Amino acid sequence: MLFAARSAVALHRLLDVLPVFSGDDRIERRFSLIPGSDFGTDALAALDSVGARCVPWDEAVRTPYDLTLAASPKGELDRLRGPLVLLPHGAGFGKTLPDDGTVDSASGLDPAYLLRRGTPLATLHALAHRSQVAELAVRCPAAAARATVVGDPTLDRLLASQGLRDRYRTALGTGGRRLIALTSTWGPESLLASYPDLPARLSTELPADSYQLALIMHPNDYGRSGAHDLAERHAPALATGLLTPRLYEEWAAVLVAADGVLTDHGSTALYAAALDRPLLAVCDGGDELIPGSPMARLLAAAPKVSGAAADTGRVAEHIVRAIEGHLPGSVRALAEPAFAERGRALPLLRTELYARLGLTPPATPAEPRLLPVPRVPAQAPAVHAVSAAVDGNRVHVERRPPHHDGPAGHLAAEEDAASVRHAQSAAVLFRRAGDAPAAARAVAGWTVGGWITWALDRYPGRRTAAVVLSTTHCVLRRRGGPLLSARIGACTEAGRVFRPDPAAVVSAVHCWLTATRAPSLPTTLNGLIGDRSYPVRLAPATDDEEDHAF
């Protein structure tokens with residue numbers, strides 16, 4: 001068998017089909033790169049990353065294969081010997097490329113590519129919904145006669161992996177925050193082309209303890225610009241903790257983990273809708289969006305972020321309304337015109353493909369592979385601008401990046417992770433206790449009391465220094481005051497346990513001490529952090545706490 005891919009996008013679709021042949025030692029799987037795409041280099045790199053056995057294209061066209069699978073009709077596929085099965089390279093067929101192929105024809109259903117010298121290119125079109133067969137019948141009747149509905153293998157991976165949502169969120173460090181995914185397709189009408197600074201602006205607009213951001217970019221963005229250039233473009237947002245999942249599988253795990261999605265007209269939005277995630281439409285697709293397509297209907301029904309809101313920093317208001325106003329099942333219904341046979345794509349595809357191979361299918365079931373736990377690296381911000389409101393023993397804290405242009409009461413910095421400039425400017429300095437590297441042979445550390453004294457001496461303008469010992473315990477001192485112990489309780493909602501970032505609690509205690517002239521200790525504060533309330537028991541530190549080494 002040959003898997004022929006012209007781009008990373010097409011290759012990823014083919015990889016999701018592999019379980020059809022799982023465990024069958026009668027099948028030899030070979031991959032080849034179809035020449036002619038601007039993004040072929042990325043496909044080659046993706047093939048190398050999965051360890052696929054590749055054959056040069058010149059060899060592939062000379063070799064007769066029992067079956068070839070491709071996820072795009074473009075390129076020299078007519079040179080191949082043997083039957084060809086075409087899969088969609090996205091969901092919904094909602095996008096047209098004005099400068100590529102037939103005007104107003106959906107990319108993937110264009111007769112200019114589906115017919116070669118008047119003859120259908122493929123022996124089988126394996127589509128996701130009967131409406132796609134109907135659309136193909138209008139555009140290219142000869143190809144439609146060879147079409148069947150099998151569903152969408154990529155969607156089935158997403159649906160099958162929903163039980164891993166908590167595991168994904170733990171790996172991403174989401175905690176009790178709302179994870180908002182921004183999805184951007186490829187081209188001049190995409191979210192990033194329309195609002196290139198939106199990730200950076202949202203990272204300052206949304207409170208850090210309430211929201212986490214992820215940017216799902218199209219593989220062609222990486223192909224055109226490169227990972228390094230994209231990282232430089234989004235450096236301000238990455239420094240605040242923006243997640244940029246990898247192109248294969250990881251983006252899908254992030255979508256499963258997400259609480260809301262901001263989207264353009266890319267097909268990722270249809271997958272998000274099928275997961276019933278609250279959606280906000282940021283772009284309308286312009287001339288690229290095909291009227292009447294499932295994507296067009298989805299965007300027409302989804303709440304919208306106006307251009308004025310996107311330009312003036314009011315997107316957060318729309319996000320909150322979309323999530324809080326979400327009716328379970330309402331968004332999922334919008335994706336139904338794009339996906340049929342949910343959960344059955346691989347068995348149906350196995351039946352079709354093995355019939356063409358003339359083989360009896362394996363006895364083991366064809367099941368979608370669960371999406372792996374993401375390993376996307378995220379920078380943990382070392383500095384925050386903190387605003388707080390103190391009402392008796394109740395303290396409401398919000399943290400944002402230091403360059404946030406709104407009001408802030410103080411700057412808080414992780415002393416051994418922040419720049420000297422930020423450490424010298426911060427009112428609150430802290431360190432997080434951690435184990436020494438396993439390979440260390442000689443270790444120099446601090447006692448809690450020793451480091452706090454050193455920090456207040458080294459930075460004489462700073463007002464509070466603290467050591468975060470664990471997720472539930474901090475020790476701190478406000479300049480001129482006693483050493484204090486803060487024990488942090490959890491917030492329990494419907495059996496789920498949430499804990500805040502202890503550094504946010506340090507800022508809350510600092511603000512309370514600043515506002516309370518003669519605090520009576522021990523006492524319990526009510527820290528409102530990230531829309532949840534946490535009890536904080538504040539008491540004089542013990543000698544053991546002061547002498548604790550870290």
# chains A, B, ... in the order shown; residues from 1 in each chain; ligands from 1

call {"tool": "residues_around", "arguments": {"residues": "Val373 in chain A", "least_positions_apart": "4", "cutoff": "12 Å", "atoms": "only C-alpha atoms", "output": "ChimeraX atom specification"}}
result
/A:161-172,245-246,249-254,256-257

call {"tool": "select_by_dssp", "arguments": {"residues": "range 164-328 of chain A", "states": "strand (DSSP E or B)", "output": "count of residues only"}}
result
24

call {"tool": "closest_residue", "arguments": {"among": "A:Pro401, A:Pro540, A:Gly75, A:Gly266", "to": "Val386 in chain A", "atoms": "only C-alpha atoms"}}
result
A:Pro401

call {"tool": "residues_around", "arguments": {"residues": "range 10-13 of chain A", "least_positions_apart": "6", "cutoff": "9 Å", "atoms": "only C-alpha atoms", "output": "NGL selection string"}}
result
:A and (3-4 or 43 or 46-47 or 70-72 or 87-90 or 153-154 or 247-249)

call {"tool": "residues_around", "arguments": {"residues": "range 454-456 of chain A", "least_positions_apart": "2", "cutoff": "12 Å", "atoms": "only C-alpha atoms", "output": "VMD selection string"}}
result
chain A and resid 413 to 416 423 to 424 426 to 431 446 to 452 458 to 467 476 to 481

call {"tool": "atom_distance", "arguments": {"atom1": "CA of Ala333 in chain A", "atom2": "CA of Leu298 in chain A"}}
result
9.4 Å

call {"tool": "closest_residue", "arguments": {"among": "A:Val505, A:Val55, A:Val9, A:Ala340", "to": "Ser131 in chain A", "atoms": "only C-alpha atoms"}}
result
A:Ala340

call {"tool": "residues_around", "arguments": {"residues": "Ile34 in chain A", "least_positions_apart": "2", "cutoff": "9 Å", "atoms": "only C-alpha atoms", "output": "MDAnalysis selection string"}}
result
chainID A and resid 4:7 32 36:37 40 57 74:77

call {"tool": "write_last_selection", "arguments": {"atoms": "N, CA and C atoms", "output": "short mmCIF file (atom, residue, chain, number, x, y, z; two decimals), in the first residue's frame"}}
result
data_model
loop_
_atom_site.label_atom_id
_atom_site.label_comp_id
_atom_site.auth_asym_id
_atom_site.auth_seq_id
_atom_site.Cartn_x
_atom_site.Cartn_y
_atom_site.Cartn_z
N ALA A 4 0.17 8.51 -0.17
CA ALA A 4 0.76 9.60 -0.94
C ALA A 4 0.30 10.94 -0.36
N ALA A 5 1.25 11.76 0.08
CA ALA A 5 0.92 13.02 0.74
C ALA A 5 1.63 14.16 0.05
N ARG A 6 0.91 15.27 -0.12
CA ARG A 6 1.48 16.44 -0.77
C ARG A 6 1.87 17.52 0.23
N SER A 7 1.30 17.46 1.44
CA SER A 7 1.56 18.46 2.48
C SER A 7 1.41 17.79 3.83
N SER A 32 5.02 8.24 0.28
CA SER A 32 5.77 9.00 -0.71
C SER A 32 5.26 10.43 -0.74
N GLY A 36 5.53 19.19 -5.96
CA GLY A 36 4.81 20.32 -6.53
C GLY A 36 4.18 21.26 -5.52
N SER A 37 4.23 20.94 -4.24
CA SER A 37 3.62 21.81 -3.23
C SER A 37 4.67 22.70 -2.58
N GLY A 40 5.80 20.95 0.72
CA GLY A 40 6.26 19.57 0.69
C GLY A 40 7.35 19.29 1.69
N TRP A 57 9.40 9.68 -5.13
CA TRP A 57 8.25 9.75 -6.01
C TRP A 57 8.53 9.06 -7.35
N LYS A 74 -4.63 16.96 -5.68
CA LYS A 74 -3.68 17.76 -6.43
C LYS A 74 -2.36 17.01 -6.61
N GLY A 75 -1.64 17.41 -7.65
CA GLY A 75 -0.36 16.79 -7.92
C GLY A 75 -0.46 15.70 -8.98
N GLU A 76 0.63 14.97 -9.15
CA GLU A 76 0.75 14.00 -10.25
C GLU A 76 0.19 12.63 -9.88
N LEU A 77 -0.95 12.59 -9.24
CA LEU A 77 -1.52 11.32 -8.80
C LEU A 77 -1.88 10.43 -9.97
#

call {"tool": "closest_atom_pairs", "arguments": {"of": "range 315-422 of chain A", "to": "range 232-243 of chain A", "cutoff": "8 Å", "atoms": "only C-alpha atoms", "output": "JSON lines"}}
result
{"residue": "A:Val376", "atom": "CA", "partner": "A:Leu243", "partner_atom": "CA", "distance": 6.8}
{"residue": "A:Pro377", "atom": "CA", "partner": "A:Leu243", "partner_atom": "CA", "distance": 7.1}
{"residue": "A:Ala378", "atom": "CA", "partner": "A:Gly241", "partner_atom": "CA", "distance": 5.4}
{"residue": "A:Gln379", "atom": "CA", "partner": "A:Gly241", "partner_atom": "CA", "distance": 4.9}
{"residue": "A:Ala380", "atom": "CA", "partner": "A:Gly241", "partner_atom": "CA", "distance": 5.6}
{"residue": "A:Pro381", "atom": "CA", "partner": "A:Thr240", "partner_atom": "CA", "distance": 5.3}
{"residue": "A:Pro401", "atom": "CA", "partner": "A:Thr240", "partner_atom": "CA", "distance": 6.4}

call {"tool": "closest_residue", "arguments": {"among": "A:Ala417, A:Arg394, A:Asp229, A:Gly495", "to": "Leu513 in chain A", "atoms": "only C-alpha atoms"}}
result
A:Arg394
